$ cat upload.txt   # compact mmCIF, C-alpha atoms and all ligand atoms
# COMPACT_ATOMS: atom_id res chain seq x y z
CA MET A 1 -9.84 -28.71 -19.97
CA GLY A 2 -8.79 -31.00 -17.16
CA ALA A 3 -5.80 -31.31 -14.89
CA THR A 4 -2.12 -30.44 -15.13
CA ILE A 5 0.34 -32.39 -13.00
CA VAL A 6 3.70 -30.97 -11.87
CA VAL A 7 6.26 -33.56 -10.71
CA GLY A 8 10.00 -33.71 -10.01
CA GLY A 9 12.26 -35.41 -12.56
CA PHE A 10 15.44 -35.87 -10.50
CA PHE A 11 15.87 -36.31 -6.71
CA GLY A 12 13.52 -33.60 -5.44
CA ASP A 13 14.33 -29.91 -5.00
CA GLU A 14 13.98 -29.20 -8.71
CA GLY A 15 11.98 -26.05 -8.03
CA LYS A 16 8.47 -27.49 -8.36
CA GLY A 17 7.11 -24.92 -5.89
CA LYS A 18 8.18 -22.02 -8.08
CA ILE A 19 6.62 -23.60 -11.18
CA ALA A 20 3.38 -24.50 -9.39
CA SER A 21 3.03 -21.00 -7.93
CA TYR A 22 3.77 -19.39 -11.31
CA LEU A 23 1.12 -21.52 -13.03
CA THR A 24 -1.48 -20.85 -10.34
CA LEU A 25 -0.92 -17.11 -10.60
CA ASN A 26 -0.83 -16.92 -14.39
CA ASP A 27 -3.23 -19.59 -15.61
CA GLY A 28 -6.25 -18.64 -13.50
CA LEU A 29 -6.49 -22.04 -11.84
CA ALA A 30 -9.60 -22.99 -9.88
CA ALA A 31 -7.66 -25.31 -7.56
CA CYS A 32 -4.12 -26.24 -6.63
CA VAL A 33 -4.06 -29.72 -5.13
CA ARG A 34 -1.21 -31.08 -3.08
CA ALA A 35 -0.17 -34.68 -3.84
CA GLY A 36 3.06 -36.38 -2.72
CA VAL A 37 4.34 -37.81 0.54
CA GLY A 38 3.89 -35.20 3.27
CA PRO A 39 5.88 -32.62 5.24
CA ASN A 40 9.21 -34.16 4.18
CA ALA A 41 8.89 -31.83 1.18
CA GLY A 42 10.02 -28.24 1.33
CA HIS A 43 9.05 -25.59 -1.18
CA THR A 44 10.65 -22.18 -1.23
CA ILE A 45 8.52 -19.53 -2.87
CA MET A 46 9.40 -15.89 -3.44
CA HIS A 47 6.18 -13.95 -3.58
CA LEU A 48 5.83 -10.16 -3.56
CA GLY A 49 9.46 -9.85 -2.50
CA LYS A 50 9.04 -12.19 0.47
CA THR A 51 10.60 -15.66 0.79
CA ILE A 52 8.12 -18.24 2.11
CA LYS A 53 9.04 -21.81 2.98
CA ILE A 54 6.15 -24.26 3.00
CA ARG A 55 5.92 -28.00 3.54
CA LEU A 56 2.20 -28.83 3.29
CA VAL A 57 0.10 -25.94 2.04
CA PRO A 58 -0.15 -26.11 -1.79
CA SER A 59 2.22 -23.70 -3.58
CA GLY A 60 -0.80 -22.15 -5.30
CA PHE A 61 -1.56 -20.15 -2.12
CA VAL A 62 -0.13 -17.14 -3.99
CA ASN A 63 -3.40 -16.80 -5.91
CA LYS A 64 -6.12 -15.77 -3.46
CA GLU A 65 -8.85 -16.92 -5.88
CA THR A 66 -7.54 -20.48 -6.01
CA LYS A 67 -8.91 -23.27 -3.85
CA LEU A 68 -6.21 -25.15 -1.95
CA LEU A 69 -6.76 -28.87 -1.53
CA ILE A 70 -4.71 -31.64 0.09
CA GLY A 71 -5.37 -35.12 -1.30
CA PRO A 72 -6.02 -38.24 0.82
CA GLY A 73 -2.65 -39.79 -0.06
CA VAL A 74 -0.74 -36.97 1.66
CA LEU A 75 0.40 -37.28 5.28
CA ILE A 76 -0.36 -34.36 7.60
CA ASP A 77 1.65 -33.04 10.52
CA SER A 78 -1.05 -30.88 12.16
CA GLU A 79 1.38 -28.56 13.89
CA VAL A 80 3.29 -27.84 10.66
CA LEU A 81 0.12 -27.38 8.61
CA LEU A 82 -1.72 -25.12 11.07
CA LYS A 83 1.31 -22.84 11.29
CA GLU A 84 1.48 -22.56 7.50
CA ILE A 85 -2.26 -21.91 7.14
CA LYS A 86 -1.79 -18.95 9.47
CA GLU A 87 1.33 -17.72 7.69
CA VAL A 88 -0.21 -17.67 4.22
CA GLN A 89 -3.75 -16.78 5.36
CA ALA A 90 -5.43 -19.83 3.87
CA TYR A 91 -8.21 -20.28 6.47
CA ASP A 92 -11.16 -19.90 4.15
CA ARG A 93 -9.92 -21.71 1.04
CA LEU A 94 -8.12 -24.85 2.24
CA ILE A 95 -9.63 -28.32 2.34
CA ILE A 96 -7.83 -31.28 3.88
CA ASP A 97 -9.20 -34.62 2.74
CA GLN A 98 -10.86 -36.60 5.53
CA LYS A 99 -8.67 -39.62 4.70
CA CYS A 100 -5.25 -37.99 4.99
CA GLY A 101 -3.06 -39.91 7.45
CA ILE A 102 -1.84 -38.08 10.56
CA ILE A 103 1.82 -38.05 11.60
CA GLU A 104 2.23 -38.42 15.35
CA LYS A 105 5.12 -37.82 17.75
CA GLU A 106 6.21 -41.47 17.71
CA HIS A 107 6.52 -41.45 13.91
CA ILE A 108 8.93 -38.54 14.10
CA GLU A 109 10.92 -40.18 16.90
CA THR A 110 11.29 -43.42 14.91
CA ASP A 111 12.34 -41.46 11.81
CA LYS A 112 15.11 -39.72 13.73
CA LYS A 113 17.04 -42.82 14.73
CA GLY A 114 18.43 -46.18 13.61
CA ASN A 115 18.41 -47.31 10.00
CA LEU A 116 16.23 -44.46 8.75
CA LYS A 117 18.54 -41.78 10.10
CA ASN A 118 21.90 -43.47 9.72
CA LYS A 119 21.59 -45.52 6.56
CA ILE A 120 18.98 -43.70 4.46
CA GLY A 121 19.39 -40.18 5.81
CA THR A 122 15.67 -39.38 5.85
CA THR A 123 14.30 -35.93 6.55
CA GLY A 124 13.27 -37.09 10.04
CA THR A 125 9.75 -35.74 9.57
CA GLY A 126 7.97 -39.01 10.41
CA THR A 127 6.64 -39.75 6.92
CA GLY A 128 8.18 -43.22 6.46
CA PRO A 129 6.98 -44.60 9.83
CA ALA A 130 3.54 -43.02 9.26
CA ASN A 131 3.19 -44.65 5.83
CA ALA A 132 4.23 -47.93 7.44
CA ASP A 133 1.41 -47.49 9.96
CA ARG A 134 -0.97 -46.75 7.13
CA ALA A 135 -0.02 -50.06 5.50
CA LEU A 136 -0.53 -51.74 8.88
CA ARG A 137 -4.02 -50.18 8.95
CA LYS A 138 -3.45 -48.40 12.24
CA ILE A 139 -2.78 -44.76 11.33
CA LYS A 140 -5.15 -42.07 12.57
CA LEU A 141 -7.03 -40.22 9.81
CA ALA A 142 -7.61 -36.48 9.48
CA LYS A 143 -11.36 -36.83 10.13
CA ASP A 144 -10.47 -37.99 13.66
CA ALA A 145 -8.05 -35.15 14.37
CA ASN A 146 -9.99 -32.46 16.31
CA GLU A 147 -7.46 -29.73 15.60
CA LEU A 148 -8.15 -30.02 11.85
CA SER A 149 -11.96 -30.17 12.02
CA ALA A 150 -12.49 -26.74 10.42
CA PHE A 151 -10.72 -27.85 7.23
CA ILE A 152 -11.96 -31.39 6.64
CA GLY A 153 -13.67 -32.25 3.36
CA ASP A 154 -13.81 -34.67 0.44
CA VAL A 155 -11.08 -33.73 -2.04
CA PRO A 156 -11.81 -36.33 -4.77
CA ASP A 157 -15.43 -35.13 -4.71
CA GLU A 158 -14.36 -31.46 -5.02
CA LEU A 159 -12.07 -32.35 -7.92
CA GLY A 160 -14.75 -34.35 -9.67
CA LYS A 161 -17.06 -31.32 -9.58
CA LEU A 162 -14.36 -28.93 -10.82
CA ILE A 163 -13.39 -31.25 -13.66
CA SER A 164 -16.96 -31.82 -14.79
CA SER A 165 -17.50 -28.05 -14.93
CA ASN A 166 -14.38 -27.65 -17.13
CA GLN A 167 -12.26 -25.81 -14.59
CA ASN A 168 -8.47 -25.88 -14.68
CA ILE A 169 -6.72 -27.57 -11.81
CA LEU A 170 -3.11 -28.14 -10.92
CA ILE A 171 -1.86 -31.21 -9.08
CA GLU A 172 1.37 -30.55 -7.26
CA GLY A 173 3.64 -33.54 -6.68
CA THR A 174 6.58 -33.62 -4.29
CA GLN A 175 10.05 -35.20 -4.15
CA GLY A 176 11.38 -36.57 -7.47
CA MET A 177 11.32 -39.60 -9.73
CA TYR A 178 14.66 -41.01 -8.48
CA ILE A 179 13.62 -41.11 -4.84
CA SER A 180 10.38 -42.94 -5.70
CA LEU A 181 9.91 -46.08 -3.61
CA TYR A 182 9.32 -48.02 -6.86
CA HIS A 183 11.40 -46.23 -9.48
CA GLY A 184 14.33 -44.89 -7.44
CA GLU A 185 17.42 -46.73 -6.23
CA TYR A 186 15.93 -48.71 -3.29
CA PRO A 187 16.52 -48.47 -0.33
CA TYR A 188 17.77 -44.88 -0.82
CA VAL A 189 14.30 -43.58 -1.53
CA THR A 190 11.26 -42.01 0.11
CA SER A 191 8.33 -44.01 1.49
CA LYS A 192 6.06 -44.13 -1.57
CA ASP A 193 5.90 -43.66 -5.32
CA VAL A 194 6.12 -40.01 -6.40
CA THR A 195 5.61 -40.19 -10.18
CA ALA A 196 2.69 -38.58 -12.05
CA SER A 197 0.54 -41.71 -11.74
CA ALA A 198 1.00 -41.70 -7.97
CA ALA A 199 0.05 -38.01 -7.88
CA CYS A 200 -3.28 -38.87 -9.56
CA SER A 201 -3.93 -41.56 -7.00
CA ASP A 202 -2.88 -39.28 -4.10
CA VAL A 203 -5.59 -36.77 -4.91
CA GLY A 204 -8.20 -39.10 -6.38
CA ILE A 205 -8.48 -38.39 -10.09
CA GLY A 206 -8.26 -40.88 -12.94
CA PRO A 207 -5.50 -40.73 -15.59
CA LYS A 208 -7.93 -39.82 -18.38
CA ASN A 209 -8.63 -36.48 -16.74
CA VAL A 210 -5.00 -35.40 -17.03
CA ASP A 211 -4.19 -33.07 -19.93
CA GLU A 212 -0.62 -32.06 -19.20
CA VAL A 213 2.25 -33.57 -17.24
CA ILE A 214 5.03 -31.08 -16.55
CA VAL A 215 8.24 -32.73 -15.36
CA VAL A 216 10.51 -30.27 -13.59
CA PHE A 217 14.30 -30.49 -13.86
CA LYS A 218 16.88 -28.20 -12.34
CA SER A 219 19.75 -27.14 -14.65
CA TYR A 220 22.05 -29.33 -12.52
CA VAL A 221 21.23 -32.30 -10.28
CA THR A 222 21.14 -32.24 -6.49
CA ARG A 223 20.48 -34.91 -3.92
CA VAL A 224 20.21 -34.91 -0.13
CA GLY A 225 20.72 -37.98 2.02
CA ALA A 226 22.45 -41.21 1.02
CA GLY A 227 22.34 -43.10 -2.30
CA PRO A 228 23.98 -43.05 -5.72
CA LEU A 229 24.56 -39.80 -7.63
CA GLU A 230 26.28 -40.24 -10.97
CA ASN A 231 29.12 -37.79 -11.79
CA GLU A 232 28.90 -36.28 -8.30
CA ILE A 233 31.24 -33.32 -7.82
CA SER A 234 33.14 -32.34 -4.65
CA GLU A 235 31.96 -29.76 -2.14
CA GLU A 236 34.79 -27.52 -3.30
CA GLU A 237 33.57 -27.73 -6.91
CA ILE A 238 29.98 -27.13 -5.78
CA ASN A 239 31.02 -23.90 -4.12
CA LYS A 240 33.14 -22.84 -7.10
CA LYS A 241 30.21 -23.33 -9.48
CA GLY A 242 27.78 -21.53 -7.15
CA TRP A 243 25.60 -24.65 -6.91
CA SER A 244 25.63 -24.68 -3.12
CA GLU A 245 22.16 -25.35 -1.71
CA PHE A 246 20.80 -26.30 1.68
CA GLY A 247 17.72 -28.43 2.34
CA THR A 248 14.53 -26.51 3.10
CA VAL A 249 13.43 -29.04 5.70
CA THR A 250 16.70 -30.36 7.13
CA GLY A 251 19.23 -27.61 6.42
CA ARG A 252 21.65 -30.25 5.11
CA GLN A 253 23.98 -29.25 2.26
CA ARG A 254 22.82 -30.84 -0.98
CA ARG A 255 25.15 -33.05 -3.01
CA ALA A 256 25.44 -32.07 -6.68
CA ALA A 257 26.20 -33.29 -10.20
CA PRO A 258 25.86 -31.87 -13.72
CA PHE A 259 22.53 -32.21 -15.60
CA ASN A 260 21.96 -35.90 -16.42
CA PHE A 261 20.34 -36.41 -19.83
CA GLU A 262 19.84 -40.15 -19.35
CA LEU A 263 17.96 -39.68 -16.07
CA ALA A 264 15.91 -36.90 -17.67
CA LYS A 265 14.95 -39.11 -20.60
CA LYS A 266 13.78 -41.94 -18.37
CA ALA A 267 11.86 -39.57 -16.09
CA CYS A 268 10.00 -38.19 -19.12
CA ILE A 269 8.98 -41.69 -20.19
CA ILE A 270 7.82 -42.97 -16.78
CA ASN A 271 5.90 -39.76 -16.04
CA SER A 272 4.54 -39.48 -19.63
CA ALA A 273 5.78 -35.89 -19.74
CA THR A 274 4.07 -33.53 -22.16
CA GLN A 275 6.22 -30.55 -21.13
CA ILE A 276 9.46 -29.89 -19.28
CA ALA A 277 10.04 -27.02 -16.88
CA LEU A 278 13.72 -26.21 -16.42
CA THR A 279 14.73 -24.20 -13.36
CA LYS A 280 17.82 -22.24 -12.29
CA LEU A 281 19.20 -21.69 -15.77
CA ASP A 282 20.73 -18.49 -14.35
CA ILE A 283 22.82 -20.51 -11.89
CA LEU A 284 24.31 -22.57 -14.73
CA TYR A 285 24.59 -19.57 -17.06
CA PRO A 286 24.68 -16.30 -15.06
CA GLN A 287 24.26 -14.29 -18.28
CA THR A 288 20.63 -15.51 -18.43
CA ALA A 289 19.63 -13.98 -15.07
CA GLY A 290 16.25 -12.28 -15.16
CA ILE A 291 15.58 -12.95 -18.88
CA SER A 292 11.90 -13.56 -19.66
CA ASP A 293 12.11 -13.70 -23.46
CA PHE A 294 13.48 -16.87 -25.10
CA SER A 295 14.92 -14.97 -28.06
CA LYS A 296 17.20 -13.05 -25.66
CA LEU A 297 19.08 -16.20 -24.57
CA ASP A 298 22.65 -16.54 -25.82
CA ASN A 299 23.76 -19.45 -28.00
CA GLN A 300 25.30 -21.54 -25.20
CA SER A 301 22.18 -21.59 -23.04
CA SER A 302 19.75 -22.07 -25.91
CA GLN A 303 21.87 -25.00 -27.17
CA PHE A 304 21.58 -26.58 -23.71
CA ILE A 305 17.79 -26.33 -23.90
CA LYS A 306 17.78 -27.68 -27.45
CA LYS A 307 19.84 -30.68 -26.31
CA ILE A 308 17.35 -31.45 -23.50
CA GLU A 309 14.52 -31.37 -26.05
CA GLU A 310 16.42 -33.59 -28.50
CA GLU A 311 17.37 -36.17 -25.86
CA THR A 312 13.93 -36.38 -24.25
CA GLY A 313 11.66 -35.60 -27.20
CA VAL A 314 9.69 -33.27 -24.91
CA PRO A 315 9.40 -29.47 -25.31
CA VAL A 316 10.95 -27.24 -22.63
CA THR A 317 8.12 -24.78 -22.14
CA LEU A 318 8.98 -23.02 -18.88
CA ILE A 319 12.49 -21.83 -17.98
CA GLY A 320 13.41 -20.32 -14.63
CA THR A 321 15.99 -17.52 -14.77
CA GLY A 322 15.88 -16.21 -11.21
CA ALA A 323 14.32 -16.59 -7.78
CA ASN A 324 11.58 -14.04 -8.36
CA GLU A 325 8.21 -15.26 -9.55
CA ASN A 326 8.40 -13.26 -12.80
CA HIS A 327 11.90 -14.51 -13.63
CA ILE A 328 10.59 -17.11 -16.01
CA ILE A 329 10.51 -17.68 -19.77
CA ASP A 330 7.07 -18.97 -20.73
CA ARG A 331 7.16 -20.44 -24.24
CA ARG A 332 3.53 -21.63 -24.09
CA ARG A 333 2.27 -18.19 -25.08
P1 LIG B 401 12.11 -39.42 3.76
O1 LIG B 401 11.25 -39.04 2.59
O2 LIG B 401 12.14 -38.35 4.82
O3 LIG B 401 11.80 -40.77 4.28
O4 LIG B 401 13.63 -39.50 3.23
C1 LIG B 401 14.06 -40.48 2.30
C2 LIG B 401 15.04 -39.90 1.31
O5 LIG B 401 14.37 -38.97 0.46
C3 LIG B 401 16.19 -39.11 1.94
O6 LIG B 401 17.34 -39.25 1.13
C4 LIG B 401 15.70 -37.67 1.88
O7 LIG B 401 16.77 -36.75 1.89
C5 LIG B 401 14.97 -37.68 0.55
N1 LIG B 401 13.90 -36.67 0.47
C6 LIG B 401 12.67 -36.75 1.01
N2 LIG B 401 11.96 -35.63 0.71
C7 LIG B 401 12.74 -34.87 -0.05
C8 LIG B 401 12.55 -33.61 -0.69
O8 LIG B 401 11.49 -32.97 -0.63
N3 LIG B 401 13.62 -33.12 -1.38
C9 LIG B 401 14.77 -33.82 -1.49
N4 LIG B 401 15.00 -34.98 -0.92
C10 LIG B 401 13.99 -35.51 -0.20
MG MG B 402 12.48 -29.09 -1.65
$ encode --input "upload.txt" --output "structure tokens"
Amino acid sequence: MGATIVVGGFFGDEGKGKIASYLTLNDGLAACVRAGVGPNAGHTIMHLGKTIKIRLVPSGFVNKETKLLIGPGVLIDSEVLLKEIKEVQAYDRLIIDQKCGIIEKEHIETDKKGNLKNKIGTTGTGTGPANADRALRKIKLAKDANELSAFIGDVPDELGKLISSNQNILIEGTQGMYISLYHGEYPYVTSKDVTASAACSDVGIGPKNVDEVIVVFKSYVTRVGAGPLENEISEEEINKKGWSEFGTVTGRQRRAAPFNFELAKKACIINSATQIALTKLDILYPQTAGISDFSKLDNQSSQFIKKIEEETGVPVTLIGTGANENHIIDRRR
């Protein structure tokens, strides 16, 4: 056994957090490792009846036995992270890689004005300017941030040990394929690549140690910020369909469009998907709410899943049917 990667197949906000937390709870994972950009991500997790919003702590925090690691490619906002560590009680099981870049006040200020705010519509969390400073070789690293000293370690080294002792690990990506700096519609993208290959590099494992790549799609497409969105529907239609969502980090209303099979197909190829996780089926088809057995789905919703499998050639193994962590159809078992 090696690693499983979870990444987003559309524009972010596909529900990766829910899938990653489900897998960590149910698959007895030794470690959940955060890859991706930084605190521009927002994961909403419903655990034991409580809604928790996190931006940096890995979504696997729900399993107290699981080690929580943050890879060197991820940017840290110390204030955000320390608050989350306290909220989810992760003091004794979280390791931040010594080489993570640190977001400082000036990065956030730069991200909240000019081109980044007005043209791109970034999250304003400082990630783009911080990655620019990393490329300029002047960003501060986590090993030099006193406030993080209790958590500093060597994440690639930890992962190497876990993999060589045949433990299962989950690598949690953030954002989505179509806001990748390389594969999205530049310049309306985030500040680095966010595909499965980038996730490997973010945490420091080689591609041959990856067993499964789960690409997560929502049952409809949403996007926040500027940039193209094919077949976009109006705000009025969004509300009528019950697809209204607000950004976890920014509170902005998300734009929306129906499920896009072409985008899904391409995302499966570029990420070398071995499985698809489909979330919010119950929002598209309310009659599926709370179902956890595939055979109980009606014809309309099972045809939708069949079409995704036919178009992409990848099996849909996990299907979200509600906000709760057990509202999921798991076809792997
Ligand atoms: P940045 O990542 O904050 O630089 O923002 C660049 C673009 O990516 C903007 O359109 C953001 O709305 C979008 N974006 C960044 N992170 C996320 C995310 O976690 N979910 C959805 N959109 C995101
Ligand atoms: Mg999100």
$ closest_residue --input "upload.txt" --among "A:Gly114, A:Gly225, A:Gly2, A:Gly126" --to "ligand LIG 401 (chain B)" --atoms "all atoms listed in the file"
A:Gly225
$ closest_atom_pairs --input "upload.txt" --of "chain A" --to "ligand LIG 401 (chain B)" --cutoff "8 Å" --atoms "only C-alpha atoms and all ligand atoms" --output "CSV"
residue,atom,partner,partner_atom,distance
A:Phe11,CA,B:LIG401,C9,5.9
A:Gly12,CA,B:LIG401,N3,4.1
A:Asp13,CA,B:LIG401,N3,4.9
A:Val37,CA,B:LIG401,O1,7.3
A:Asn40,CA,B:LIG401,N2,4.7
A:Ala41,CA,B:LIG401,O8,3.4
A:Gly42,CA,B:LIG401,O8,5.3
A:His43,CA,B:LIG401,O8,7.8
A:Asp111,CA,B:LIG401,O3,7.6
A:Leu116,CA,B:LIG401,O3,7.3
A:Ile120,CA,B:LIG401,O6,5.8
A:Gly121,CA,B:LIG401,C3,5.1
A:Thr122,CA,B:LIG401,O4,3.3
A:Thr123,CA,B:LIG401,O2,3.7
A:Gly124,CA,B:LIG401,O2,5.5
A:Thr125,CA,B:LIG401,O2,5.9
A:Gly126,CA,B:LIG401,O2,7.0
A:Thr127,CA,B:LIG401,O3,5.9
A:Gly128,CA,B:LIG401,O3,4.9
A:Thr174,CA,B:LIG401,O8,6.2
A:Gln175,CA,B:LIG401,O8,4.4
A:Gly176,CA,B:LIG401,N3,7.3
A:Ile179,CA,B:LIG401,O5,5.8
A:Tyr188,CA,B:LIG401,O6,6.0
A:Val189,CA,B:LIG401,C2,4.7
A:Thr190,CA,B:LIG401,O1,3.9
A:Ser191,CA,B:LIG401,O3,5.5
A:Arg223,CA,B:LIG401,N4,6.2
A:Val224,CA,B:LIG401,O7,4.4
A:Gly225,CA,B:LIG401,O6,3.7
A:Ala226,CA,B:LIG401,O6,5.5
A:Gly227,CA,B:LIG401,O6,7.2
A:Gly247,CA,B:LIG401,C9,7.2
A:Val249,CA,B:LIG401,O8,7.7
$ residues_around --input "upload.txt" --residues "Gln98 of chain A" --least-positions-apart "2" --cutoff "12 Å" --atoms "only C-alpha atoms" --output "MDAnalysis selection string"
chainID A and resid 69:76 95:96 100:102 140:146 148:157 203
$ atom_distance --input "upload.txt" --atom1 "atom CA of Gly38 of chain A" --atom2 "atom CA of Pro187 of chain A"
18.7 Å
$ residues_around --input "upload.txt" --residues "Glu310 of chain A" --least-positions-apart "4" --cutoff "12 Å" --atoms "only C-alpha atoms" --output "JSON list (two decimals) with C-alpha atoms, keeping the file's coordinate frame"
[["chain", "number", "residue", "atom", "x", "y", "z"],
["A", 261, "PHE", "CA", 20.34, -36.41, -19.83],
["A", 262, "GLU", "CA", 19.84, -40.15, -19.35],
["A", 264, "ALA", "CA", 15.91, -36.90, -17.67],
["A", 265, "LYS", "CA", 14.95, -39.11, -20.60],
["A", 303, "GLN", "CA", 21.87, -25.00, -27.17],
["A", 304, "PHE", "CA", 21.58, -26.58, -23.71],
["A", 305, "ILE", "CA", 17.79, -26.33, -23.90],
["A", 306, "LYS", "CA", 17.78, -27.68, -27.45],
["A", 314, "VAL", "CA", 9.69, -33.27, -24.91],
["A", 315, "PRO", "CA", 9.40, -29.47, -25.31],
["A", 316, "VAL", "CA", 10.95, -27.24, -22.63]]
$ closest_residue --input "upload.txt" --among "A:Arg93, A:Lys218, A:Lys161, A:Lys296" --to "ligand MG 402 (chain B)" --atoms "all atoms listed in the file"
A:Lys218
$ residues_around --input "upload.txt" --residues "Asn260 of chain A" --least-positions-apart "3" --cutoff "10 Å" --atoms "only C-alpha atoms" --output "list in words"
Phe10, Phe217, Ser219, Tyr220, Val221, Leu229, Glu230, Asn231, Ala257, Leu263, Ala264, Lys265 and Ile308 of chain A
$ write_last_selection --input "upload.txt" --atoms "C-alpha atoms" --output "short mmCIF file (atom, residue, chain, number, x, y, z; two decimals), in the coordinates of the input"
data_model
loop_
_atom_site.label_atom_id
_atom_site.label_comp_id
_atom_site.auth_asym_id
_atom_site.auth_seq_id
_atom_site.Cartn_x
_atom_site.Cartn_y
_atom_site.Cartn_z
CA PHE A 10 15.44 -35.87 -10.50
CA PHE A 217 14.30 -30.49 -13.86
CA SER A 219 19.75 -27.14 -14.65
CA TYR A 220 22.05 -29.33 -12.52
CA VAL A 221 21.23 -32.30 -10.28
CA LEU A 229 24.56 -39.80 -7.63
CA GLU A 230 26.28 -40.24 -10.97
CA ASN A 231 29.12 -37.79 -11.79
CA ALA A 257 26.20 -33.29 -10.20
CA LEU A 263 17.96 -39.68 -16.07
CA ALA A 264 15.91 -36.90 -17.67
CA LYS A 265 14.95 -39.11 -20.60
CA ILE A 308 17.35 -31.45 -23.50
#
$ atom_distance --input "upload.txt" --atom1 "atom CA of Leu94 of chain A" --atom2 "atom CA of Lys138 of chain A"
26.0 Å
$ closest_residue --input "upload.txt" --among "A:Gln167, A:Thr222, A:Ser301, A:Thr317" --to "Arg252 of chain A" --atoms "all atoms listed in the file"
A:Thr222
$ atom_distance --input "upload.txt" --atom1 "atom CA of Gly160 of chain A" --atom2 "atom CA of Ile205 of chain A"
7.5 Å
